[in-house]
file work27.pdb (PDB, C-alpha atoms)
ATOM      1  CA  MET A 105       0.000   0.000   0.000  1.00  0.00           C
ATOM      2  CA  THR A 106       1.329   3.390  -1.005  1.00  0.00           C
ATOM      3  CA  ASP A 107       2.248   5.733   1.816  1.00  0.00           C
ATOM      4  CA  TYR A 108       1.149   9.051   0.300  1.00  0.00           C
ATOM      5  CA  SER A 109       2.090  11.091   3.360  1.00  0.00           C
ATOM      6  CA  GLU A 110       5.657   9.804   3.257  1.00  0.00           C
ATOM      7  CA  GLU A 111       6.075  10.592  -0.439  1.00  0.00           C
ATOM      8  CA  GLN A 112       4.669  14.052   0.099  1.00  0.00           C
ATOM      9  CA  ARG A 113       7.039  14.781   3.037  1.00  0.00           C
ATOM     10  CA  ASN A 114      10.055  13.632   1.066  1.00  0.00           C
ATOM     11  CA  GLU A 115       9.121  15.839  -1.894  1.00  0.00           C
ATOM     12  CA  LEU A 116       8.563  18.874   0.337  1.00  0.00           C
ATOM     13  CA  GLU A 117      12.078  18.463   1.794  1.00  0.00           C
ATOM     14  CA  ALA A 118      13.548  18.198  -1.696  1.00  0.00           C
ATOM     15  CA  LEU A 119      11.644  21.271  -2.961  1.00  0.00           C
ATOM     16  CA  GLU A 120      12.747  23.361   0.011  1.00  0.00           C
ATOM     17  CA  SER A 121      16.341  22.430  -0.801  1.00  0.00           C
ATOM     18  CA  ILE A 122      15.972  23.159  -4.543  1.00  0.00           C
ATOM     19  CA  TYR A 123      14.136  26.492  -4.114  1.00  0.00           C
ATOM     20  CA  PRO A 124      15.445  27.923  -0.814  1.00  0.00           C
ATOM     21  CA  ASP A 125      14.619  31.546  -1.688  1.00  0.00           C
ATOM     22  CA  SER A 126      11.262  31.047  -3.380  1.00  0.00           C
ATOM     23  CA  PHE A 127       9.662  28.156  -1.471  1.00  0.00           C
ATOM     24  CA  THR A 128       7.077  29.084   1.177  1.00  0.00           C
ATOM     25  CA  VAL A 129       4.897  26.696   3.231  1.00  0.00           C
ATOM     26  CA  LEU A 130       1.326  27.988   3.656  1.00  0.00           C
ATOM     27  CA  SER A 131      -0.157  25.101   5.657  1.00  0.00           C
ATOM     28  CA  GLU A 132       0.716  21.557   6.789  1.00  0.00           C
ATOM     29  CA  THR A 133      -2.757  20.037   6.698  1.00  0.00           C
ATOM     30  CA  PRO A 134      -3.378  19.685   3.898  1.00  0.00           C
ATOM     31  CA  PRO A 135       0.172  20.415   2.726  1.00  0.00           C
ATOM     32  CA  SER A 136       0.075  23.719   0.792  1.00  0.00           C
ATOM     33  CA  PHE A 137       2.969  25.850  -0.436  1.00  0.00           C
ATOM     34  CA  THR A 138       4.061  28.380  -3.035  1.00  0.00           C
ATOM     35  CA  ILE A 139       7.043  28.517  -5.375  1.00  0.00           C
ATOM     36  CA  THR A 140       7.959  31.752  -7.166  1.00  0.00           C
ATOM     37  CA  VAL A 141       9.265  31.289 -10.706  1.00  0.00           C
ATOM     38  CA  THR A 142      11.096  34.083 -12.551  1.00  0.00           C
ATOM     39  CA  SER A 143      12.196  34.110 -16.156  1.00  0.00           C
ATOM     40  CA  GLU A 144      15.697  34.822 -17.345  1.00  0.00           C
ATOM     41  CA  ALA A 145      16.358  38.525 -18.006  1.00  0.00           C
ATOM     42  CA  GLY A 146      15.455  39.758 -21.438  1.00  0.00           C
ATOM     43  CA  GLU A 147      17.258  42.171 -23.746  1.00  0.00           C
ATOM     44  CA  ASN A 148      16.428  45.202 -21.573  1.00  0.00           C
ATOM     45  CA  ASP A 149      16.667  43.233 -18.305  1.00  0.00           C
ATOM     46  CA  GLU A 150      12.893  42.813 -18.262  1.00  0.00           C
ATOM     47  CA  THR A 151      11.533  39.667 -16.618  1.00  0.00           C
ATOM     48  CA  VAL A 152       8.205  37.965 -16.125  1.00  0.00           C
ATOM     49  CA  GLN A 153       7.314  36.207 -12.927  1.00  0.00           C
ATOM     50  CA  THR A 154       4.628  34.064 -11.393  1.00  0.00           C
ATOM     51  CA  THR A 155       4.059  32.508  -7.978  1.00  0.00           C
ATOM     52  CA  LEU A 156       2.498  29.059  -8.181  1.00  0.00           C
ATOM     53  CA  LYS A 157       0.418  27.685  -5.341  1.00  0.00           C
ATOM     54  CA  PHE A 158       0.219  23.910  -4.896  1.00  0.00           C
ATOM     55  CA  THR A 159      -1.931  21.874  -2.514  1.00  0.00           C
ATOM     56  CA  TYR A 160      -1.483  18.122  -2.211  1.00  0.00           C
ATOM     57  CA  SER A 161      -4.570  16.009  -2.732  1.00  0.00           C
ATOM     58  CA  GLU A 162      -5.075  13.102  -0.311  1.00  0.00           C
ATOM     59  CA  LYS A 163      -3.771  10.518  -2.797  1.00  0.00           C
ATOM     60  CA  TYR A 164      -1.061  12.611  -4.446  1.00  0.00           C
ATOM     61  CA  PRO A 165       0.912  11.626  -6.522  1.00  0.00           C
ATOM     62  CA  ASP A 166      -1.658   9.172  -7.895  1.00  0.00           C
ATOM     63  CA  ASP A 167      -3.998  12.141  -8.095  1.00  0.00           C
ATOM     64  CA  ALA A 168      -2.926  15.483  -9.472  1.00  0.00           C
ATOM     65  CA  PRO A 169      -2.208  18.263  -6.968  1.00  0.00           C
ATOM     66  CA  LEU A 170      -4.355  21.359  -6.867  1.00  0.00           C
ATOM     67  CA  TYR A 171      -2.610  24.364  -8.438  1.00  0.00           C
ATOM     68  CA  GLU A 172      -3.276  27.994  -9.214  1.00  0.00           C
ATOM     69  CA  ILE A 173      -1.543  31.262 -10.182  1.00  0.00           C
ATOM     70  CA  PHE A 174      -1.068  32.882  -6.780  1.00  0.00           C
ATOM     71  CA  SER A 175       0.409  36.115  -8.208  1.00  0.00           C
ATOM     72  CA  GLN A 176       2.165  37.304 -11.365  1.00  0.00           C
ATOM     73  CA  GLU A 177       4.168  40.182 -12.846  1.00  0.00           C
ATOM     74  CA  ASN A 178       4.239  41.386 -16.455  1.00  0.00           C
ATOM     75  CA  LEU A 179       2.042  38.549 -17.702  1.00  0.00           C
ATOM     76  CA  THR A 180      -0.984  39.059 -19.902  1.00  0.00           C
ATOM     77  CA  ASP A 181      -4.272  37.228 -19.386  1.00  0.00           C
ATOM     78  CA  SER A 182      -3.337  35.097 -22.386  1.00  0.00           C
ATOM     79  CA  ASP A 183      -0.013  34.187 -20.760  1.00  0.00           C
ATOM     80  CA  VAL A 184      -1.756  33.143 -17.530  1.00  0.00           C
ATOM     81  CA  SER A 185      -4.201  30.993 -19.481  1.00  0.00           C
ATOM     82  CA  ASP A 186      -1.362  29.297 -21.345  1.00  0.00           C
ATOM     83  CA  ILE A 187       0.466  28.522 -18.084  1.00  0.00           C
ATOM     84  CA  LEU A 188      -2.615  26.931 -16.535  1.00  0.00           C
ATOM     85  CA  LYS A 189      -3.098  24.762 -19.635  1.00  0.00           C
ATOM     86  CA  LEU A 190       0.542  23.728 -19.457  1.00  0.00           C
ATOM     87  CA  LEU A 191       0.193  22.714 -15.789  1.00  0.00           C
ATOM     88  CA  ALA A 192      -2.888  20.629 -16.579  1.00  0.00           C
ATOM     89  CA  LEU A 193      -1.084  18.835 -19.393  1.00  0.00           C
ATOM     90  CA  GLN A 194       2.056  18.131 -17.331  1.00  0.00           C
ATOM     91  CA  ALA A 195       0.030  16.921 -14.345  1.00  0.00           C
ATOM     92  CA  GLU A 196      -1.877  14.488 -16.531  1.00  0.00           C
ATOM     93  CA  GLU A 197       1.318  13.120 -18.074  1.00  0.00           C
ATOM     94  CA  ASN A 198       3.067  12.618 -14.698  1.00  0.00           C
ATOM     95  CA  LEU A 199       0.330  10.949 -12.633  1.00  0.00           C
ATOM     96  CA  GLY A 200       1.752   8.322 -10.232  1.00  0.00           C
ATOM     97  CA  MET A 201       5.062  10.197  -9.798  1.00  0.00           C
ATOM     98  CA  VAL A 202       5.980  13.163  -7.631  1.00  0.00           C
ATOM     99  CA  MET A 203       5.735  15.989 -10.132  1.00  0.00           C
ATOM    100  CA  ILE A 204       6.095  19.452  -8.559  1.00  0.00           C
ATOM    101  CA  PHE A 205       9.660  19.931  -9.802  1.00  0.00           C
ATOM    102  CA  THR A 206       8.551  18.875 -13.304  1.00  0.00           C
ATOM    103  CA  LEU A 207       5.626  21.309 -13.238  1.00  0.00           C
ATOM    104  CA  VAL A 208       7.762  24.196 -12.008  1.00  0.00           C
ATOM    105  CA  SER A 209      10.452  23.450 -14.624  1.00  0.00           C
ATOM    106  CA  ALA A 210       7.832  23.494 -17.399  1.00  0.00           C
ATOM    107  CA  VAL A 211       6.557  26.874 -16.184  1.00  0.00           C
ATOM    108  CA  GLN A 212      10.139  28.184 -16.035  1.00  0.00           C
ATOM    109  CA  GLU A 213      10.653  27.301 -19.705  1.00  0.00           C
ATOM    110  CA  LYS A 214       7.320  28.891 -20.576  1.00  0.00           C
ATOM    111  CA  LEU A 215       8.285  32.155 -18.881  1.00  0.00           C
ATOM    112  CA  ASN A 216      11.554  32.234 -20.812  1.00  0.00           C
ATOM    113  CA  GLU A 217       9.586  31.751 -24.030  1.00  0.00           C
ATOM    114  CA  ILE A 218       7.319  34.654 -23.074  1.00  0.00           C
ATOM    115  CA  VAL A 219      10.354  36.921 -22.564  1.00  0.00           C
ATOM    116  CA  ASP A 220      11.651  35.895 -25.990  1.00  0.00           C
ATOM    117  CA  GLN A 221       8.246  36.645 -27.471  1.00  0.00           C
ATOM    118  CA  ILE A 222       8.310  40.082 -25.878  1.00  0.00           C
ATOM    119  CA  LYS A 223      11.718  40.691 -27.464  1.00  0.00           C
ATOM    120  CA  THR A 224      10.494  39.487 -30.854  1.00  0.00           C
ATOM    121  CA  ARG A 225       7.330  41.575 -30.595  1.00  0.00           C
ATOM    122  CA  ARG A 226       9.321  44.699 -29.773  1.00  0.00           C
ATOM    123  CA  GLU A 227      11.678  44.098 -32.696  1.00  0.00           C
ATOM    124  CA  GLU A 228       8.708  43.687 -35.033  1.00  0.00           C
ATOM    125  CA  GLU A 229       7.111  46.848 -33.690  1.00  0.00           C
ATOM    126  CA  LYS A 230      10.391  48.712 -34.196  1.00  0.00           C
ATOM    127  CA  LYS A 231      10.667  47.462 -37.782  1.00  0.00           C
ATOM    128  CA  GLN A 232       7.058  48.408 -38.430  1.00  0.00           C
ATOM    129  CA  LYS A 233       7.618  51.935 -37.128  1.00  0.00           C
ATOM    130  CA  GLU A 234      10.747  52.275 -39.266  1.00  0.00           C
ATOM    131  CA  LYS A 235       8.800  51.072 -42.304  1.00  0.00           C
ATOM    132  CA  GLU A 236       5.996  53.528 -41.621  1.00  0.00           C
ATOM    133  CA  ALA A 237       8.538  56.346 -41.244  1.00  0.00           C
ATOM    134  CA  GLU A 238      10.135  55.412 -44.574  1.00  0.00           C
ATOM    135  CA  GLU A 239       6.740  55.345 -46.264  1.00  0.00           C
ATOM    136  CA  ALA A 240       5.875  58.744 -44.797  1.00  0.00           C
ATOM    137  CA  GLU A 241       9.187  60.150 -46.044  1.00  0.00           C
ATOM    138  CA  LYS A 242       8.516  58.772 -49.527  1.00  0.00           C
ATOM    139  CA  GLN A 243       5.116  60.445 -49.513  1.00  0.00           C
ATOM    140  CA  LEU A 244       6.783  63.794 -48.815  1.00  0.00           C
ATOM    141  CA  PHE A 245       8.920  63.480 -51.955  1.00  0.00           C
ATOM    142  CA  HIS A 246       6.556  61.663 -54.269  1.00  0.00           C
ATOM    143  CA  GLY A 247       3.198  62.805 -53.038  1.00  0.00           C
ATOM    144  CA  THR A 248      -0.045  60.922 -53.458  1.00  0.00           C
ATOM    145  CA  PRO A 249      -0.737  59.516 -56.945  1.00  0.00           C
ATOM    146  CA  VAL A 250      -3.643  61.403 -58.529  1.00  0.00           C
ATOM    147  CA  THR A 251      -6.638  59.298 -59.427  1.00  0.00           C
ATOM    148  CA  ILE A 252     -10.089  60.291 -60.611  1.00  0.00           C
ATOM    149  CA  GLU A 253     -11.519  59.443 -57.216  1.00  0.00           C
ATOM    150  CA  ASN A 254      -9.091  61.445 -55.060  1.00  0.00           C
ATOM    151  CA  PHE A 255      -9.134  64.363 -57.558  1.00  0.00           C
ATOM    152  CA  LEU A 256     -12.930  64.592 -57.418  1.00  0.00           C
ATOM    153  CA  SER A 257     -12.774  64.389 -53.648  1.00  0.00           C
ATOM    154  CA  TRP A 258     -10.196  67.206 -53.538  1.00  0.00           C
ATOM    155  CA  LYS A 259     -12.209  69.279 -56.061  1.00  0.00           C
ATOM    156  CA  ALA A 260     -15.396  68.971 -54.005  1.00  0.00           C
ATOM    157  CA  LYS A 261     -13.561  70.027 -50.864  1.00  0.00           C
ATOM    158  CA  PHE A 262     -11.854  72.920 -52.670  1.00  0.00           C
ATOM    159  CA  ASP A 263     -15.163  74.176 -54.152  1.00  0.00           C
ATOM    160  CA  ALA A 264     -16.816  74.002 -50.752  1.00  0.00           C
ATOM    161  CA  GLU A 265     -14.015  76.030 -49.159  1.00  0.00           C
ATOM    162  CA  LEU A 266     -14.109  78.570 -51.996  1.00  0.00           C
ATOM    163  CA  LEU A 267     -17.882  78.962 -51.622  1.00  0.00           C
ATOM    164  CA  GLU A 268     -17.464  79.623 -47.913  1.00  0.00           C
ATOM    165  CA  ILE A 269     -14.872  82.314 -48.657  1.00  0.00           C
ATOM    166  CA  LYS A 270     -17.202  83.991 -51.170  1.00  0.00           C
ATOM    167  CA  LYS A 271     -20.107  83.922 -48.727  1.00  0.00           C
ATOM    168  CA  LYS A 272     -17.902  85.445 -46.046  1.00  0.00           C
ATOM    169  CA  ARG A 273     -16.745  88.230 -48.360  1.00  0.00           C
ATOM    170  CA  MET A 274     -20.302  88.966 -49.531  1.00  0.00           C
ATOM    171  CA  LYS A 275     -21.422  89.179 -45.924  1.00  0.00           C
ATOM    172  CA  GLU A 276     -18.538  91.519 -45.082  1.00  0.00           C
ATOM    173  CA  ASP A 277     -19.279  93.713 -48.127  1.00  0.00           C
ATOM    174  CA  GLU A 278     -22.960  93.808 -47.235  1.00  0.00           C
ATOM    175  CA  GLN A 279     -22.144  94.786 -43.679  1.00  0.00           C
ATOM    176  CA  ALA A 280     -19.729  97.465 -44.890  1.00  0.00           C
ATOM    177  CA  GLY A 281     -22.431  98.853 -47.213  1.00  0.00           C
ATOM    178  CA  LYS A 282     -24.880  99.123 -44.354  1.00  0.00           C
ATOM    179  CA  ASN A 283     -22.375 101.037 -42.264  1.00  0.00           C
ATOM    180  CA  LYS A 284     -21.443 103.503 -45.054  1.00  0.00           C
ATOM    181  CA  LEU A 285     -23.434 106.807 -44.911  1.00  0.00           C
ATOM    182  CA  SER A 286     -24.536 108.802 -47.947  1.00  0.00           C
ATOM    183  CA  GLY A 287     -23.830 112.544 -48.249  1.00  0.00           C
ATOM    184  CA  LYS A 288     -27.351 113.357 -47.154  1.00  0.00           C
ATOM    185  CA  GLN A 289     -27.045 111.033 -44.163  1.00  0.00           C
ATOM    186  CA  LEU A 290     -23.751 112.685 -43.216  1.00  0.00           C
ATOM    187  CA  PHE A 291     -25.406 116.138 -43.161  1.00  0.00           C
ATOM    188  CA  GLU A 292     -28.375 114.765 -41.241  1.00  0.00           C
ATOM    189  CA  THR A 293     -26.170 113.150 -38.595  1.00  0.00           C
ATOM    190  CA  ASP A 294     -23.564 115.967 -38.353  1.00  0.00           C
ATOM    191  CA  HIS A 295     -25.097 119.491 -38.455  1.00  0.00           C
ATOM    192  CA  ASN A 296     -21.668 121.059 -38.204  1.00  0.00           C
ATOM    193  CA  LEU A 297     -21.215 120.308 -41.885  1.00  0.00           C
ATOM    194  CA  ASP A 298     -23.874 122.954 -42.708  1.00  0.00           C
ATOM    195  CA  THR A 299     -21.628 125.768 -41.513  1.00  0.00           C
ATOM    196  CA  SER A 300     -18.231 124.230 -42.050  1.00  0.00           C
ATOM    197  CA  ASP A 301     -17.312 126.440 -45.009  1.00  0.00           C
ATOM    198  CA  ILE A 302     -18.504 129.593 -43.246  1.00  0.00           C
ATOM    199  CA  GLN A 303     -16.633 128.643 -40.146  1.00  0.00           C
ATOM    200  CA  PHE A 304     -13.524 128.121 -42.245  1.00  0.00           C
ATOM    201  CA  LEU A 305     -13.772 131.684 -43.631  1.00  0.00           C
ATOM    202  CA  GLU A 306     -14.398 133.123 -40.196  1.00  0.00           C
ATOM    203  CA  ASP A 307     -11.370 131.299 -38.833  1.00  0.00           C
ATOM    204  CA  ALA A 308      -9.356 132.784 -41.681  1.00  0.00           C
ATOM    205  CA  GLY A 309     -10.589 136.272 -40.677  1.00  0.00           C
ATOM    206  CA  ASN A 310     -12.363 136.886 -44.018  1.00  0.00           C
ATOM    207  CA  ASN A 311      -8.878 137.804 -45.243  1.00  0.00           C
ATOM    208  CA  VAL A 312      -9.404 136.822 -48.890  1.00  0.00           C
ATOM    209  CA  GLU A 313      -7.237 138.866 -51.241  1.00  0.00           C
ATOM    210  CA  VAL A 314      -8.249 139.461 -54.878  1.00  0.00           C
ATOM    211  CA  ASP A 315      -5.727 140.478 -57.554  1.00  0.00           C
ATOM    212  CA  GLU A 316      -7.654 143.229 -59.464  1.00  0.00           C
ATOM    213  CA  SER A 317      -5.025 143.363 -62.187  1.00  0.00           C
ATOM    214  CA  LEU A 318      -6.346 140.119 -63.507  1.00  0.00           C
ATOM    215  CA  PHE A 319      -9.519 141.820 -64.549  1.00  0.00           C
ATOM    216  CA  GLN A 320     -10.206 144.690 -67.032  1.00  0.00           C
ATOM    217  CA  GLU A 321     -13.076 146.995 -67.319  1.00  0.00           C
ATOM    218  CA  MET A 322     -15.772 145.647 -69.514  1.00  0.00           C
ATOM    219  CA  ASP A 323     -15.645 148.780 -71.751  1.00  0.00           C
ATOM    220  CA  ASP A 324     -12.035 148.054 -72.729  1.00  0.00           C
ATOM    221  CA  LEU A 325     -12.901 144.626 -74.100  1.00  0.00           C
ATOM    222  CA  GLU A 326     -13.595 144.396 -77.863  1.00  0.00           C
ATOM    223  CA  LEU A 327     -16.498 142.008 -78.101  1.00  0.00           C
ATOM    224  CA  GLU A 328     -18.493 141.392 -81.269  1.00  0.00           C
ATOM    225  CA  ASP A 329     -22.200 140.886 -81.079  1.00  0.00           C
ATOM    226  CA  ASP A 330     -23.371 138.507 -83.721  1.00  0.00           C
ATOM    227  CA  GLU A 331     -26.834 139.958 -83.544  1.00  0.00           C
ATOM    228  CA  ASP A 332     -25.476 143.303 -84.883  1.00  0.00           C
ATOM    229  CA  ASP A 333     -24.266 141.579 -88.056  1.00  0.00           C
ATOM    230  CA  PRO A 334     -26.928 142.079 -90.776  1.00  0.00           C
ATOM    231  CA  ASP A 335     -25.860 138.837 -92.457  1.00  0.00           C
ATOM    232  CA  TYR A 336     -26.157 136.775 -89.260  1.00  0.00           C
ATOM    233  CA  ASN A 337     -28.766 134.061 -89.484  1.00  0.00           C
ATOM    234  CA  PRO A 338     -29.220 132.034 -86.304  1.00  0.00           C
ATOM    235  CA  ALA A 339     -30.629 129.110 -88.309  1.00  0.00           C
ATOM    236  CA  ASP A 340     -27.609 129.036 -90.647  1.00  0.00           C
ATOM    237  CA  PRO A 341     -24.424 128.027 -88.870  1.00  0.00           C
ATOM    238  CA  GLU A 342     -22.368 129.049 -91.912  1.00  0.00           C
ATOM    239  CA  SER A 343     -23.693 132.607 -91.934  1.00  0.00           C
ATOM    240  CA  ASP A 344     -21.253 133.549 -89.200  1.00  0.00           C
ATOM    241  CA  SER A 345     -18.280 132.233 -91.128  1.00  0.00           C
ATOM    242  CA  ALA A 346     -19.250 133.877 -94.425  1.00  0.00           C
ATOM    243  CA  ASP A 347     -16.816 136.691 -93.718  1.00  0.00           C
TER     244      ASP A 347
END

call {"tool": "encode", "arguments": {"input": "work27.pdb", "output": "structure tokens"}}
result
Amino acid sequence: MTDYSEEQRNELEALESIYPDSFTVLSETPPSFTITVTSEAGENDETVQTTLKFTYSEKYPDDAPLYEIFSQENLTDSDVSDILKLLALQAEENLGMVMIFTLVSAVQEKLNEIVDQIKTRREEEKKQKEKEAEEAEKQLFHGTPVTIENFLSWKAKFDAELLEIKKKRMKEDEQAGKNKLSGKQLFETDHNLDTSDIQFLEDAGNNVEVDESLFQEMDDLELEDDEDDPDYNPADPESDSAD
């Protein structure tokens, strides 16, 4: 008859020796403990980590132990799900044998794979960003190829913007026209304009000088009166030039 308690005690002693810094006993009845598993450091010293909790079933190792993710760092929900599936598979394959070390070792390898995946994902993201930057730079030099579709789209947008500009200008011109006063309105709103010229003369002291030498007496001017000409005919334009 299998002595399950003895096998369990022996495995606990071995685990405590293998994982002295990460093995913690939670209870003795039933035997329950945790083991913290940390991945190897990645390219930028990043790591992922999980603490596994195990509880022996009464007939362990003929029955699988109970297990769960007690805590974790830097793992996604998908990563946690994959680890639990891995534990279930390993437990099924190792029934009848003490298996905690095997389960922990499988999780350790999985965490290292996750770190590698993080590295690969970052490299792909970096390449993608570089590719996008190159494409953007090419667009600056080559521009967007003109097609009927994008030309019509641009034309519609341009016409709409132009129409808005015209409407704005018409509105501004209309507003300016409303604010502009006619001459009559200026006189009606500013009565000082009625006397502005007179006021100007008064301010000048009515000191307007006239040069009389520019004028002659009317008697000294030799003016001909067409009506005194006996041959003058108002209806005949040539009568005046007959002389």

call {"tool": "closest_residue", "arguments": {"input": "work27.pdb", "among": "A:Ile187, A:Val219, A:Ala168, A:Ala280", "to": "A:Met201", "atoms": "only C-alpha atoms"}}
result
A:Ala168

call {"tool": "atom_distance", "arguments": {"input": "work27.pdb", "atom1": "atom CA of A:Thr151", "atom2": "atom CA of A:Ser175"}}
result
14.4 Å

call {"tool": "residues_around", "arguments": {"input": "work27.pdb", "residues": "A:Ala192", "least_positions_apart": "2", "cutoff": "12 Å", "atoms": "all atoms listed in the file", "output": "count of residues only"}}
result
21

call {"tool": "axis_aligned_box", "arguments": {"input": "work27.pdb", "around": "stretch 151-155 of chain A", "padding_each_side": "5 Å", "output": "AutoDock Vina command-line options"}}
result
--center_x 7.8 --center_y 36.1 --center_z -12.3 --size_x 17.5 --size_y 17.2 --size_z 18.6

call {"tool": "resolve_selection", "arguments": {"input": "work27.pdb", "expression": "the PyMOL selection byres ((chain A and resi 123-139) around 12)", "output": "PDB file with C-alpha atoms, keeping the file's coordinate frame"}}
result
ATOM      1  CA  TYR A 108       1.149   9.051   0.300  1.00  0.00           C
ATOM      2  CA  SER A 109       2.090  11.091   3.360  1.00  0.00           C
ATOM      3  CA  GLU A 110       5.657   9.804   3.257  1.00  0.00           C
ATOM      4  CA  GLU A 111       6.075  10.592  -0.439  1.00  0.00           C
ATOM      5  CA  GLN A 112       4.669  14.052   0.099  1.00  0.00           C
ATOM      6  CA  ARG A 113       7.039  14.781   3.037  1.00  0.00           C
ATOM      7  CA  GLU A 115       9.121  15.839  -1.894  1.00  0.00           C
ATOM      8  CA  LEU A 116       8.563  18.874   0.337  1.00  0.00           C
ATOM      9  CA  GLU A 117      12.078  18.463   1.794  1.00  0.00           C
ATOM     10  CA  ALA A 118      13.548  18.198  -1.696  1.00  0.00           C
ATOM     11  CA  LEU A 119      11.644  21.271  -2.961  1.00  0.00           C
ATOM     12  CA  GLU A 120      12.747  23.361   0.011  1.00  0.00           C
ATOM     13  CA  SER A 121      16.341  22.430  -0.801  1.00  0.00           C
ATOM     14  CA  ILE A 122      15.972  23.159  -4.543  1.00  0.00           C
ATOM     15  CA  THR A 140       7.959  31.752  -7.166  1.00  0.00           C
ATOM     16  CA  VAL A 141       9.265  31.289 -10.706  1.00  0.00           C
ATOM     17  CA  THR A 142      11.096  34.083 -12.551  1.00  0.00           C
ATOM     18  CA  GLN A 153       7.314  36.207 -12.927  1.00  0.00           C
ATOM     19  CA  THR A 154       4.628  34.064 -11.393  1.00  0.00           C
ATOM     20  CA  THR A 155       4.059  32.508  -7.978  1.00  0.00           C
ATOM     21  CA  LEU A 156       2.498  29.059  -8.181  1.00  0.00           C
ATOM     22  CA  LYS A 157       0.418  27.685  -5.341  1.00  0.00           C
ATOM     23  CA  PHE A 158       0.219  23.910  -4.896  1.00  0.00           C
ATOM     24  CA  THR A 159      -1.931  21.874  -2.514  1.00  0.00           C
ATOM     25  CA  TYR A 160      -1.483  18.122  -2.211  1.00  0.00           C
ATOM     26  CA  SER A 161      -4.570  16.009  -2.732  1.00  0.00           C
ATOM     27  CA  GLU A 162      -5.075  13.102  -0.311  1.00  0.00           C
ATOM     28  CA  LYS A 163      -3.771  10.518  -2.797  1.00  0.00           C
ATOM     29  CA  TYR A 164      -1.061  12.611  -4.446  1.00  0.00           C
ATOM     30  CA  PRO A 169      -2.208  18.263  -6.968  1.00  0.00           C
ATOM     31  CA  LEU A 170      -4.355  21.359  -6.867  1.00  0.00           C
ATOM     32  CA  TYR A 171      -2.610  24.364  -8.438  1.00  0.00           C
ATOM     33  CA  GLU A 172      -3.276  27.994  -9.214  1.00  0.00           C
ATOM     34  CA  ILE A 173      -1.543  31.262 -10.182  1.00  0.00           C
ATOM     35  CA  PHE A 174      -1.068  32.882  -6.780  1.00  0.00           C
ATOM     36  CA  SER A 175       0.409  36.115  -8.208  1.00  0.00           C
ATOM     37  CA  GLN A 176       2.165  37.304 -11.365  1.00  0.00           C
ATOM     38  CA  ILE A 204       6.095  19.452  -8.559  1.00  0.00           C
ATOM     39  CA  PHE A 205       9.660  19.931  -9.802  1.00  0.00           C
ATOM     40  CA  LEU A 207       5.626  21.309 -13.238  1.00  0.00           C
ATOM     41  CA  VAL A 208       7.762  24.196 -12.008  1.00  0.00           C
ATOM     42  CA  SER A 209      10.452  23.450 -14.624  1.00  0.00           C
ATOM     43  CA  VAL A 211       6.557  26.874 -16.184  1.00  0.00           C
ATOM     44  CA  GLN A 212      10.139  28.184 -16.035  1.00  0.00           C
TER      45      GLN A 212
END

call {"tool": "atom_distance", "arguments": {"input": "work27.pdb", "atom1": "atom CA of A:Leu179", "atom2": "atom CA of A:Leu215"}}
result
9.0 Å

call {"tool": "atom_distance", "arguments": {"input": "work27.pdb", "atom1": "atom CA of A:Pro165", "atom2": "atom CA of A:Thr206"}}
result
12.5 Å

call {"tool": "closest_residue", "arguments": {"input": "work27.pdb", "among": "A:Ser182, A:Leu193, A:Gly200, A:Ala264", "to": "A:Thr106", "atoms": "only C-alpha atoms"}}
result
A:Gly200

call {"tool": "resolve_selection", "arguments": {"input": "work27.pdb", "expression": "the PyMOL selection byres ((chain A and resi 220) around 12)", "output": "list in words"}}
result
Ser143, Glu144, Ala145, Gly146, Glu147, Asn148, Asp149, Glu150, Thr151, Val152, Glu213, Lys214, Leu215, Asn216, Glu217, Ile218, Val219, Gln221, Ile222, Lys223, Thr224, Arg225, Arg226 and Glu227 of chain A

call {"tool": "decode", "arguments": {"input": "work27.pdb", "residues": "stretch 242-257 of chain A", "atoms": "C-alpha atoms", "output": "CSV table (one decimal), in the first residue's frame"}}
result
chain,number,residue,atom,x,y,z
A,242,LYS,CA,8.5,58.8,-49.5
A,243,GLN,CA,5.1,60.4,-49.5
A,244,LEU,CA,6.8,63.8,-48.8
A,245,PHE,CA,8.9,63.5,-52.0
A,246,HIS,CA,6.6,61.7,-54.3
A,247,GLY,CA,3.2,62.8,-53.0
A,248,THR,CA,0.0,60.9,-53.5
A,249,PRO,CA,-0.7,59.5,-56.9
A,250,VAL,CA,-3.6,61.4,-58.5
A,251,THR,CA,-6.6,59.3,-59.4
A,252,ILE,CA,-10.1,60.3,-60.6
A,253,GLU,CA,-11.5,59.4,-57.2
A,254,ASN,CA,-9.1,61.4,-55.1
A,255,PHE,CA,-9.1,64.4,-57.6
A,256,LEU,CA,-12.9,64.6,-57.4
A,257,SER,CA,-12.8,64.4,-53.6
